[in-house]
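Visitor: My structure is below; once you've seen it, I'll send some questions.
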Amino acid sequence: MRSVWYNPGMIKAVIFDMDGLLINSEPLWKETEVQLFNGLGVPITYEMTDQTMGMTTPEAVAYWYQRYLWDGRTQESVGRELDAGVLELIKAKGQPMPGVDHIIGLCEELGLPMAVASSSPINMINAVIAKLGIGHHLKGIHSALFEQYGKPHPAVYISAAEKLGVTPGQCLAFEDSPNGVLSAKAAKMRCVAVPEAGTQTDKRFGIADIVVDSLADVTREMMTSL
């Protein structure tokens, strides 16, 4: 699939989402969310957590609080517990997604600087980068928590492009969530979507320039054609 919103030009940088794209953390977020929120009387299921995929922790907590008011805990304390629980699980059993080494090697072959733009807090981004051993490949990281709005707002991607010294239109974003794809395209970036299992039929992926099953499926020809 290709967007026709603007004329394609040479890609000068690549920006990756993190959760569910570089590391298999989405199941860990779901596990922690279901356990934590059910303990607060919020009857969410694993499937319902898709509604907040791509949001920052404060946005996700506010989303469920607005629908199921709970007593005795502030949203801030719930958010801290959610982040801490996910971070613990990532350190214990987080694994790279298929094709991470492939795509980073491909970007290096093409001479493209790389960054991470994630909805997760900086300490979690740093922990994942350290676990994957990819820090020396990256020229920048940025968290949506430093922005007024998280994904699908484009702010996190625009700021990440600024850190790389390029315009958003010169960037290629890699995303696994519909909210992330909306964010990247709203920033006027080209986007490769790698949908999480079970979300492939979401029509919002239709605005991505290319949709693949895995980072391992991305080819040099795909990237140079964008």
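All residue names refer to the structure tokens as shown: chains lettered A, B, ... in order, residues numbered from 1 in each chain, ligands numbered from 1 in order.
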Any chance you could tabulate, as JSON lines, the residues of range 59-95 of chain A at most 10 Å from range 131-146 of chain A with each one's nearest atom pair and distance in Å to one decimal, using only C-alpha atoms, in chain and rising number order?
Guide:
```
{"residue": "A:Glu59", "atom": "CA", "partner": "A:Leu145", "partner_atom": "CA", "distance": 9.7}
{"residue": "A:Ile90", "atom": "CA", "partner": "A:Lys131", "partner_atom": "CA", "distance": 8.8}
{"residue": "A:Lys91", "atom": "CA", "partner": "A:Lys131", "partner_atom": "CA", "distance": 7.4}
{"residue": "A:Gly94", "atom": "CA", "partner": "A:Lys131", "partner_atom": "CA", "distance": 8.2}
{"residue": "A:Gln95", "atom": "CA", "partner": "A:Leu132", "partner_atom": "CA", "distance": 7.9}
```
Visitor: Per DSSP on the backbone, what are the strand (DSSP E) residues of range 48-151 of chain A, as a list in words?
Guide: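 Residues of range 48-151 of chain A classed as strand (DSSP E): Met114, Ala115, Val116, Ala117, Ser118, Leu138, Lys139, Gly140, Ile141, His142 and Ser143 of chain A.
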Visitor: Please save N, CA, C and O atoms of the selected residues as a PDB file, in the first residue's frame.
Guide:
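Contents of result-v6.pdb, freshly written:
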```pdb
ATOM      1  N   MET A 114      19.488   6.349  12.905  1.00  0.00           N
ATOM      2  CA  MET A 114      18.297   5.751  13.507  1.00  0.00           C
ATOM      3  C   MET A 114      17.999   6.352  14.871  1.00  0.00           C
ATOM      4  O   MET A 114      18.904   6.752  15.603  1.00  0.00           O
ATOM      5  N   ALA A 115      16.699   6.382  15.211  1.00  0.00           N
ATOM      6  CA  ALA A 115      16.254   6.846  16.520  1.00  0.00           C
ATOM      7  C   ALA A 115      15.058   6.006  16.951  1.00  0.00           C
ATOM      8  O   ALA A 115      14.455   5.283  16.144  1.00  0.00           O
ATOM      9  N   VAL A 116      14.730   6.104  18.226  1.00  0.00           N
ATOM     10  CA  VAL A 116      13.540   5.454  18.771  1.00  0.00           C
ATOM     11  C   VAL A 116      12.596   6.538  19.269  1.00  0.00           C
ATOM     12  O   VAL A 116      13.018   7.462  19.976  1.00  0.00           O
ATOM     13  N   ALA A 117      11.322   6.442  18.903  1.00  0.00           N
ATOM     14  CA  ALA A 117      10.285   7.351  19.380  1.00  0.00           C
ATOM     15  C   ALA A 117       9.173   6.502  19.984  1.00  0.00           C
ATOM     16  O   ALA A 117       8.432   5.840  19.257  1.00  0.00           O
ATOM     17  N   SER A 118       9.079   6.504  21.297  1.00  0.00           N
ATOM     18  CA  SER A 118       8.192   5.586  21.998  1.00  0.00           C
ATOM     19  C   SER A 118       7.257   6.319  22.956  1.00  0.00           C
ATOM     20  O   SER A 118       7.575   7.407  23.436  1.00  0.00           O
ATOM     21  N   LEU A 138      22.062   3.816  17.625  1.00  0.00           N
ATOM     22  CA  LEU A 138      21.052   4.868  17.637  1.00  0.00           C
ATOM     23  C   LEU A 138      21.663   6.248  17.800  1.00  0.00           C
ATOM     24  O   LEU A 138      22.608   6.445  18.566  1.00  0.00           O
ATOM     25  N   LYS A 139      21.082   7.222  17.099  1.00  0.00           N
ATOM     26  CA  LYS A 139      21.520   8.615  17.189  1.00  0.00           C
ATOM     27  C   LYS A 139      20.606   9.439  18.089  1.00  0.00           C
ATOM     28  O   LYS A 139      20.897  10.608  18.366  1.00  0.00           O
ATOM     29  N   GLY A 140      19.515   8.844  18.546  1.00  0.00           N
ATOM     30  CA  GLY A 140      18.618   9.591  19.415  1.00  0.00           C
ATOM     31  C   GLY A 140      17.479   8.727  19.923  1.00  0.00           C
ATOM     32  O   GLY A 140      17.150   7.687  19.351  1.00  0.00           O
ATOM     33  N   ILE A 141      16.904   9.147  21.045  1.00  0.00           N
ATOM     34  CA  ILE A 141      15.694   8.526  21.582  1.00  0.00           C
ATOM     35  C   ILE A 141      14.773   9.644  22.039  1.00  0.00           C
ATOM     36  O   ILE A 141      15.229  10.734  22.401  1.00  0.00           O
ATOM     37  N   HIS A 142      13.468   9.377  21.998  1.00  0.00           N
ATOM     38  CA  HIS A 142      12.521  10.382  22.464  1.00  0.00           C
ATOM     39  C   HIS A 142      11.271   9.690  22.987  1.00  0.00           C
ATOM     40  O   HIS A 142      10.786   8.727  22.396  1.00  0.00           O
ATOM     41  N   SER A 143      10.769  10.205  24.116  1.00  0.00           N
ATOM     42  CA  SER A 143       9.559   9.677  24.724  1.00  0.00           C
ATOM     43  C   SER A 143       8.406  10.647  24.523  1.00  0.00           C
ATOM     44  O   SER A 143       8.565  11.867  24.675  1.00  0.00           O
TER      45      SER A 143
END
```
Visitor: In Å, how far is it from CA of Val218 in chain A to CA of Thr167 in chain A?
Guide: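 Answer for the CA of Val218 in chain A to CA of Thr167 in chain A separation: 23.0 Å.
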Visitor: Using only C-alpha atoms, which residues sit within 10 Å of Ser214 in chain A once same-chain residues fewer than 6 positions away are excluded, as an mmCIF file with all heavy atoms, in the first residue's frame?
Guide:
```cif
data_model
loop_
_atom_site.group_PDB
_atom_site.id
_atom_site.type_symbol
_atom_site.label_atom_id
_atom_site.label_comp_id
_atom_site.auth_asym_id
_atom_site.auth_seq_id
_atom_site.Cartn_x
_atom_site.Cartn_y
_atom_site.Cartn_z
ATOM 1 N N LEU A 21 7.434 -3.631 18.488
ATOM 2 C CA LEU A 21 8.150 -3.547 17.209
ATOM 3 C C LEU A 21 9.574 -4.045 17.366
ATOM 4 O O LEU A 21 10.021 -4.908 16.610
ATOM 5 C CB LEU A 21 8.172 -2.112 16.683
ATOM 6 C CG LEU A 21 8.877 -1.997 15.333
ATOM 7 C CD1 LEU A 21 7.896 -2.267 14.192
ATOM 8 C CD2 LEU A 21 9.540 -0.643 15.158
ATOM 9 N N MET A 97 11.981 -8.678 18.889
ATOM 10 C CA MET A 97 11.048 -9.135 17.873
ATOM 11 C C MET A 97 11.840 -9.677 16.686
ATOM 12 O O MET A 97 12.992 -9.294 16.458
ATOM 13 C CB MET A 97 10.143 -7.983 17.431
ATOM 14 C CG MET A 97 9.224 -7.470 18.527
ATOM 15 S SD MET A 97 8.004 -8.689 19.076
ATOM 16 C CE MET A 97 6.887 -8.722 17.655
ATOM 17 N N PRO A 98 11.236 -10.567 15.905
ATOM 18 C CA PRO A 98 11.942 -11.105 14.742
ATOM 19 C C PRO A 98 12.368 -9.996 13.782
ATOM 20 O O PRO A 98 11.604 -9.078 13.489
ATOM 21 C CB PRO A 98 10.891 -12.012 14.089
ATOM 22 C CG PRO A 98 9.961 -12.385 15.197
ATOM 23 C CD PRO A 98 9.906 -11.186 16.083
ATOM 24 N N GLY A 99 13.629 -10.080 13.335
ATOM 25 C CA GLY A 99 14.109 -9.152 12.327
ATOM 26 C C GLY A 99 14.758 -7.885 12.834
ATOM 27 O O GLY A 99 15.146 -7.029 12.027
ATOM 28 N N VAL A 100 14.912 -7.736 14.152
ATOM 29 C CA VAL A 100 15.521 -6.511 14.685
ATOM 30 C C VAL A 100 16.945 -6.337 14.159
ATOM 31 O O VAL A 100 17.312 -5.266 13.657
ATOM 32 C CB VAL A 100 15.504 -6.506 16.227
ATOM 33 C CG1 VAL A 100 16.346 -5.344 16.765
ATOM 34 C CG2 VAL A 100 14.076 -6.379 16.746
ATOM 35 N N ILE A 103 16.896 -5.403 10.351
ATOM 36 C CA ILE A 103 16.521 -4.054 9.953
ATOM 37 C C ILE A 103 17.572 -3.035 10.364
ATOM 38 O O ILE A 103 17.851 -2.068 9.636
ATOM 39 C CB ILE A 103 15.120 -3.670 10.501
ATOM 40 C CG1 ILE A 103 14.587 -2.432 9.789
ATOM 41 C CG2 ILE A 103 15.165 -3.448 11.998
ATOM 42 C CD1 ILE A 103 14.345 -2.610 8.323
ATOM 43 N N ASP A 176 4.028 -0.653 14.850
ATOM 44 C CA ASP A 176 3.263 -1.896 14.951
ATOM 45 C C ASP A 176 1.807 -1.653 15.341
ATOM 46 O O ASP A 176 1.000 -2.571 15.287
ATOM 47 C CB ASP A 176 3.905 -2.825 15.989
ATOM 48 C CG ASP A 176 3.710 -2.318 17.409
ATOM 49 O OD1 ASP A 176 4.168 -1.203 17.704
ATOM 50 O OD2 ASP A 176 3.099 -3.025 18.225
ATOM 51 N N ALA A 193 4.390 -0.454 8.359
ATOM 52 C CA ALA A 193 3.634 -1.035 9.466
ATOM 53 C C ALA A 193 3.953 -2.520 9.595
ATOM 54 O O ALA A 193 4.001 -3.241 8.600
ATOM 55 C CB ALA A 193 2.143 -0.845 9.252
ATOM 56 N N VAL A 194 4.166 -2.936 10.848
ATOM 57 C CA VAL A 194 4.383 -4.352 11.161
ATOM 58 C C VAL A 194 3.331 -4.701 12.214
ATOM 59 O O VAL A 194 3.613 -4.714 13.414
ATOM 60 C CB VAL A 194 5.803 -4.611 11.701
ATOM 61 C CG1 VAL A 194 6.084 -6.108 11.778
ATOM 62 C CG2 VAL A 194 6.853 -3.915 10.837
ATOM 63 N N PRO A 195 2.090 -4.950 11.802
ATOM 64 C CA PRO A 195 0.993 -5.109 12.757
ATOM 65 C C PRO A 195 1.217 -6.228 13.756
ATOM 66 O O PRO A 195 1.716 -7.305 13.415
ATOM 67 C CB PRO A 195 -0.216 -5.414 11.863
ATOM 68 C CG PRO A 195 0.141 -4.848 10.527
ATOM 69 C CD PRO A 195 1.622 -5.067 10.411
ATOM 70 N N GLU A 196 0.834 -5.943 14.991
ATOM 71 C CA GLU A 196 0.862 -6.979 16.021
ATOM 72 C C GLU A 196 -0.117 -8.078 15.635
ATOM 73 O O GLU A 196 -1.146 -7.820 14.995
ATOM 74 C CB GLU A 196 0.475 -6.393 17.384
ATOM 75 C CG GLU A 196 0.574 -7.393 18.510
ATOM 76 C CD GLU A 196 -0.109 -6.928 19.787
ATOM 77 O OE1 GLU A 196 -0.890 -5.977 19.730
ATOM 78 O OE2 GLU A 196 0.129 -7.546 20.823
#
```
Visitor: Using DSSP on the backbone, list every residue of range 30-102 of chain A that comes out as alpha helix (DSSP H), and give them as a PDB file with N, CA, C and O atoms, in the first residue's frame.
Guide:
```
ATOM      1  N   LYS A  30      -0.008  -5.964  28.375  1.00  0.00           N
ATOM      2  CA  LYS A  30      -1.361  -6.496  28.534  1.00  0.00           C
ATOM      3  C   LYS A  30      -1.492  -7.261  29.854  1.00  0.00           C
ATOM      4  O   LYS A  30      -2.480  -7.088  30.592  1.00  0.00           O
ATOM      5  N   GLU A  31      -0.508  -8.097  30.136  1.00  0.00           N
ATOM      6  CA  GLU A  31      -0.532  -8.888  31.370  1.00  0.00           C
ATOM      7  C   GLU A  31      -0.591  -7.983  32.595  1.00  0.00           C
ATOM      8  O   GLU A  31      -1.390  -8.200  33.522  1.00  0.00           O
ATOM      9  N   THR A  32       0.260  -6.956  32.601  1.00  0.00           N
ATOM     10  CA  THR A  32       0.311  -6.056  33.746  1.00  0.00           C
ATOM     11  C   THR A  32      -0.958  -5.220  33.861  1.00  0.00           C
ATOM     12  O   THR A  32      -1.485  -5.017  34.964  1.00  0.00           O
ATOM     13  N   GLU A  33      -1.448  -4.718  32.724  1.00  0.00           N
ATOM     14  CA  GLU A  33      -2.665  -3.899  32.738  1.00  0.00           C
ATOM     15  C   GLU A  33      -3.864  -4.686  33.260  1.00  0.00           C
ATOM     16  O   GLU A  33      -4.624  -4.186  34.108  1.00  0.00           O
ATOM     17  N   VAL A  34      -4.064  -5.891  32.743  1.00  0.00           N
ATOM     18  CA  VAL A  34      -5.219  -6.683  33.160  1.00  0.00           C
ATOM     19  C   VAL A  34      -5.166  -6.969  34.653  1.00  0.00           C
ATOM     20  O   VAL A  34      -6.167  -6.816  35.376  1.00  0.00           O
ATOM     21  N   GLN A  35      -4.010  -7.376  35.146  1.00  0.00           N
ATOM     22  CA  GLN A  35      -3.874  -7.690  36.563  1.00  0.00           C
ATOM     23  C   GLN A  35      -4.083  -6.452  37.435  1.00  0.00           C
ATOM     24  O   GLN A  35      -4.827  -6.487  38.430  1.00  0.00           O
ATOM     25  N   LEU A  36      -3.454  -5.345  37.063  1.00  0.00           N
ATOM     26  CA  LEU A  36      -3.533  -4.127  37.872  1.00  0.00           C
ATOM     27  C   LEU A  36      -4.935  -3.541  37.854  1.00  0.00           C
ATOM     28  O   LEU A  36      -5.510  -3.235  38.907  1.00  0.00           O
ATOM     29  N   PHE A  37      -5.510  -3.365  36.661  1.00  0.00           N
ATOM     30  CA  PHE A  37      -6.811  -2.707  36.574  1.00  0.00           C
ATOM     31  C   PHE A  37      -7.940  -3.574  37.126  1.00  0.00           C
ATOM     32  O   PHE A  37      -8.880  -3.060  37.737  1.00  0.00           O
ATOM     33  N   ASN A  38      -7.872  -4.885  36.931  1.00  0.00           N
ATOM     34  CA  ASN A  38      -8.888  -5.738  37.536  1.00  0.00           C
ATOM     35  C   ASN A  38      -8.841  -5.658  39.048  1.00  0.00           C
ATOM     36  O   ASN A  38      -9.875  -5.732  39.715  1.00  0.00           O
ATOM     37  N   GLY A  39      -7.632  -5.479  39.591  1.00  0.00           N
ATOM     38  CA  GLY A  39      -7.498  -5.312  41.030  1.00  0.00           C
ATOM     39  C   GLY A  39      -8.140  -4.034  41.543  1.00  0.00           C
ATOM     40  O   GLY A  39      -8.463  -3.914  42.732  1.00  0.00           O
ATOM     41  N   THR A  57       1.447   6.047  29.339  1.00  0.00           N
ATOM     42  CA  THR A  57       0.845   5.493  30.554  1.00  0.00           C
ATOM     43  C   THR A  57      -0.186   6.437  31.165  1.00  0.00           C
ATOM     44  O   THR A  57      -1.296   5.994  31.504  1.00  0.00           O
ATOM     45  N   PRO A  58       0.116   7.733  31.353  1.00  0.00           N
ATOM     46  CA  PRO A  58      -0.916   8.628  31.915  1.00  0.00           C
ATOM     47  C   PRO A  58      -2.191   8.662  31.076  1.00  0.00           C
ATOM     48  O   PRO A  58      -3.298   8.705  31.620  1.00  0.00           O
ATOM     49  N   GLU A  59      -2.044   8.624  29.749  1.00  0.00           N
ATOM     50  CA  GLU A  59      -3.228   8.636  28.876  1.00  0.00           C
ATOM     51  C   GLU A  59      -4.024   7.348  29.023  1.00  0.00           C
ATOM     52  O   GLU A  59      -5.262   7.370  29.058  1.00  0.00           O
ATOM     53  N   ALA A  60      -3.335   6.208  29.101  1.00  0.00           N
ATOM     54  CA  ALA A  60      -4.020   4.925  29.247  1.00  0.00           C
ATOM     55  C   ALA A  60      -4.742   4.831  30.588  1.00  0.00           C
ATOM     56  O   ALA A  60      -5.889   4.368  30.661  1.00  0.00           O
ATOM     57  N   VAL A  61      -4.078   5.275  31.648  1.00  0.00           N
ATOM     58  CA  VAL A  61      -4.703   5.245  32.971  1.00  0.00           C
ATOM     59  C   VAL A  61      -5.928   6.155  32.998  1.00  0.00           C
ATOM     60  O   VAL A  61      -6.991   5.781  33.510  1.00  0.00           O
ATOM     61  N   ALA A  62      -5.804   7.353  32.433  1.00  0.00           N
ATOM     62  CA  ALA A  62      -6.934   8.288  32.387  1.00  0.00           C
ATOM     63  C   ALA A  62      -8.085   7.714  31.574  1.00  0.00           C
ATOM     64  O   ALA A  62      -9.268   7.904  31.918  1.00  0.00           O
ATOM     65  N   TYR A  63      -7.751   7.010  30.509  1.00  0.00           N
ATOM     66  CA  TYR A  63      -8.764   6.398  29.638  1.00  0.00           C
ATOM     67  C   TYR A  63      -9.650   5.450  30.439  1.00  0.00           C
ATOM     68  O   TYR A  63     -10.881   5.505  30.349  1.00  0.00           O
ATOM     69  N   TRP A  64      -9.038   4.582  31.236  1.00  0.00           N
ATOM     70  CA  TRP A  64      -9.819   3.616  32.007  1.00  0.00           C
ATOM     71  C   TRP A  64     -10.466   4.258  33.222  1.00  0.00           C
ATOM     72  O   TRP A  64     -11.565   3.857  33.625  1.00  0.00           O
ATOM     73  N   TYR A  65      -9.838   5.262  33.797  1.00  0.00           N
ATOM     74  CA  TYR A  65     -10.434   5.945  34.954  1.00  0.00           C
ATOM     75  C   TYR A  65     -11.720   6.655  34.550  1.00  0.00           C
ATOM     76  O   TYR A  65     -12.702   6.672  35.302  1.00  0.00           O
ATOM     77  N   GLN A  66     -11.729   7.247  33.359  1.00  0.00           N
ATOM     78  CA  GLN A  66     -12.926   7.947  32.883  1.00  0.00           C
ATOM     79  C   GLN A  66     -14.095   6.991  32.665  1.00  0.00           C
ATOM     80  O   GLN A  66     -15.258   7.388  32.732  1.00  0.00           O
ATOM     81  N   ARG A  67     -13.786   5.730  32.404  1.00  0.00           N
ATOM     82  CA  ARG A  67     -14.836   4.744  32.143  1.00  0.00           C
ATOM     83  C   ARG A  67     -15.223   3.944  33.379  1.00  0.00           C
ATOM     84  O   ARG A  67     -16.373   3.501  33.495  1.00  0.00           O
ATOM     85  N   GLN A  75      -4.511   8.398  39.993  1.00  0.00           N
ATOM     86  CA  GLN A  75      -4.091   7.955  38.671  1.00  0.00           C
ATOM     87  C   GLN A  75      -2.563   7.928  38.575  1.00  0.00           C
ATOM     88  O   GLN A  75      -1.994   7.058  37.917  1.00  0.00           O
ATOM     89  N   GLU A  76      -1.910   8.879  39.238  1.00  0.00           N
ATOM     90  CA  GLU A  76      -0.445   8.934  39.200  1.00  0.00           C
ATOM     91  C   GLU A  76       0.172   7.686  39.828  1.00  0.00           C
ATOM     92  O   GLU A  76       1.124   7.106  39.287  1.00  0.00           O
ATOM     93  N   SER A  77      -0.368   7.242  40.963  1.00  0.00           N
ATOM     94  CA  SER A  77       0.201   6.060  41.630  1.00  0.00           C
ATOM     95  C   SER A  77      -0.058   4.800  40.820  1.00  0.00           C
ATOM     96  O   SER A  77       0.784   3.901  40.760  1.00  0.00           O
ATOM     97  N   VAL A  78      -1.230   4.737  40.190  1.00  0.00           N
ATOM     98  CA  VAL A  78      -1.535   3.589  39.339  1.00  0.00           C
ATOM     99  C   VAL A  78      -0.585   3.557  38.142  1.00  0.00           C
ATOM    100  O   VAL A  78      -0.072   2.502  37.766  1.00  0.00           O
ATOM    101  N   GLY A  79      -0.324   4.720  37.558  1.00  0.00           N
ATOM    102  CA  GLY A  79       0.603   4.796  36.436  1.00  0.00           C
ATOM    103  C   GLY A  79       1.999   4.348  36.811  1.00  0.00           C
ATOM    104  O   GLY A  79       2.662   3.628  36.052  1.00  0.00           O
ATOM    105  N   ARG A  80       2.456   4.770  37.974  1.00  0.00           N
ATOM    106  CA  ARG A  80       3.800   4.357  38.425  1.00  0.00           C
ATOM    107  C   ARG A  80       3.866   2.854  38.621  1.00  0.00           C
ATOM    108  O   ARG A  80       4.865   2.212  38.254  1.00  0.00           O
ATOM    109  N   GLU A  81       2.809   2.271  39.188  1.00  0.00           N
ATOM    110  CA  GLU A  81       2.798   0.822  39.400  1.00  0.00           C
ATOM    111  C   GLU A  81       2.758   0.076  38.067  1.00  0.00           C
ATOM    112  O   GLU A  81       3.410  -0.967  37.905  1.00  0.00           O
ATOM    113  N   LEU A  82       2.007   0.622  37.113  1.00  0.00           N
ATOM    114  CA  LEU A  82       1.931  -0.008  35.790  1.00  0.00           C
ATOM    115  C   LEU A  82       3.300  -0.012  35.124  1.00  0.00           C
ATOM    116  O   LEU A  82       3.765  -1.054  34.634  1.00  0.00           O
ATOM    117  N   ASP A  83       3.972   1.123  35.098  1.00  0.00           N
ATOM    118  CA  ASP A  83       5.300   1.212  34.478  1.00  0.00           C
ATOM    119  C   ASP A  83       6.295   0.287  35.175  1.00  0.00           C
ATOM    120  O   ASP A  83       7.087  -0.401  34.515  1.00  0.00           O
ATOM    121  N   ALA A  84       6.256   0.276  36.503  1.00  0.00           N
ATOM    122  CA  ALA A  84       7.203  -0.552  37.260  1.00  0.00           C
ATOM    123  C   ALA A  84       6.975  -2.034  36.984  1.00  0.00           C
ATOM    124  O   ALA A  84       7.934  -2.805  36.839  1.00  0.00           O
ATOM    125  N   GLY A  85       5.705  -2.432  36.888  1.00  0.00           N
ATOM    126  CA  GLY A  85       5.406  -3.829  36.621  1.00  0.00           C
ATOM    127  C   GLY A  85       5.864  -4.265  35.246  1.00  0.00           C
ATOM    128  O   GLY A  85       6.434  -5.353  35.076  1.00  0.00           O
ATOM    129  N   VAL A  86       5.635  -3.419  34.256  1.00  0.00           N
ATOM    130  CA  VAL A  86       6.059  -3.752  32.890  1.00  0.00           C
ATOM    131  C   VAL A  86       7.578  -3.799  32.795  1.00  0.00           C
ATOM    132  O   VAL A  86       8.156  -4.699  32.173  1.00  0.00           O
ATOM    133  N   LEU A  87       8.237  -2.828  33.414  1.00  0.00           N
ATOM    134  CA  LEU A  87       9.698  -2.790  33.375  1.00  0.00           C
ATOM    135  C   LEU A  87      10.300  -4.049  33.982  1.00  0.00           C
ATOM    136  O   LEU A  87      11.258  -4.624  33.443  1.00  0.00           O
ATOM    137  N   GLU A  88       9.719  -4.508  35.081  1.00  0.00           N
ATOM    138  CA  GLU A  88      10.210  -5.727  35.721  1.00  0.00           C
ATOM    139  C   GLU A  88      10.065  -6.927  34.795  1.00  0.00           C
ATOM    140  O   GLU A  88      10.978  -7.756  34.674  1.00  0.00           O
ATOM    141  N   LEU A  89       8.925  -7.018  34.113  1.00  0.00           N
ATOM    142  CA  LEU A  89       8.704  -8.141  33.200  1.00  0.00           C
ATOM    143  C   LEU A  89       9.621  -8.061  31.979  1.00  0.00           C
ATOM    144  O   LEU A  89      10.119  -9.083  31.500  1.00  0.00           O
ATOM    145  N   ILE A  90       9.844  -6.842  31.472  1.00  0.00           N
ATOM    146  CA  ILE A  90      10.745  -6.682  30.334  1.00  0.00           C
ATOM    147  C   ILE A  90      12.148  -7.154  30.688  1.00  0.00           C
ATOM    148  O   ILE A  90      12.793  -7.885  29.921  1.00  0.00           O
ATOM    149  N   LYS A  91      12.625  -6.763  31.848  1.00  0.00           N
ATOM    150  CA  LYS A  91      13.968  -7.172  32.279  1.00  0.00           C
ATOM    151  C   LYS A  91      14.049  -8.680  32.464  1.00  0.00           C
ATOM    152  O   LYS A  91      15.083  -9.294  32.190  1.00  0.00           O
ATOM    153  N   ALA A  92      12.938  -9.295  32.911  1.00  0.00           N
ATOM    154  CA  ALA A  92      12.946 -10.726  33.199  1.00  0.00           C
ATOM    155  C   ALA A  92      12.760 -11.580  31.955  1.00  0.00           C
ATOM    156  O   ALA A  92      13.421 -12.620  31.804  1.00  0.00           O
ATOM    157  N   LYS A  93      11.869 -11.162  31.042  1.00  0.00           N
ATOM    158  CA  LYS A  93      11.575 -12.057  29.923  1.00  0.00           C
ATOM    159  C   LYS A  93      11.330 -11.359  28.587  1.00  0.00           C
ATOM    160  O   LYS A  93      10.832 -11.985  27.648  1.00  0.00           O
ATOM    161  N   VAL A 100      14.912  -7.736  14.152  1.00  0.00           N
ATOM    162  CA  VAL A 100      15.521  -6.511  14.685  1.00  0.00           C
ATOM    163  C   VAL A 100      16.945  -6.337  14.159  1.00  0.00           C
ATOM    164  O   VAL A 100      17.312  -5.266  13.657  1.00  0.00           O
ATOM    165  N   ASP A 101      17.754  -7.378  14.272  1.00  0.00           N
ATOM    166  CA  ASP A 101      19.134  -7.287  13.770  1.00  0.00           C
ATOM    167  C   ASP A 101      19.162  -7.027  12.272  1.00  0.00           C
ATOM    168  O   ASP A 101      19.998  -6.265  11.766  1.00  0.00           O
ATOM    169  N   HIS A 102      18.238  -7.644  11.563  1.00  0.00           N
ATOM    170  CA  HIS A 102      18.165  -7.470  10.099  1.00  0.00           C
ATOM    171  C   HIS A 102      17.902  -6.020   9.730  1.00  0.00           C
ATOM    172  O   HIS A 102      18.601  -5.446   8.887  1.00  0.00           O
TER     173      HIS A 102
END
```
Visitor: Please measure the separation of CA of Gly72 in chain A and CA of Asn123 in chain A, giving the value in Å to one decimal.
Guide: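 Answer for the CA of Gly72 in chain A to CA of Asn123 in chain A separation: 27.0 Å.
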Visitor: Distance CA of Ala161 in chain A-CA of Asp213 in chain A, one decimal place?
Guide: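 CA of Ala161 in chain A sits 25.5 Å away from CA of Asp213 in chain A.
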Visitor: Do a neighbour search on Gly169 in chain A at 8 Å with only C-alpha atoms, toss out local chain neighbours closer than 2 positions, and write the hits as a VMD selection string.
Guide: chain A and resid 167 171 187 to 190
Visitor: Quick one: residues within 9 Å of His153 in chain A, only C-alpha atoms counted, chain neighbours fewer than 4 positions away excluded, as a list in words?
Guide: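 Skipping anything fewer than 4 positions along the chain leaves Tyr149, Tyr157, Asn179, Gly180, Leu182, Ser183, Ala184, Ala186 and Ala187 of chain A.
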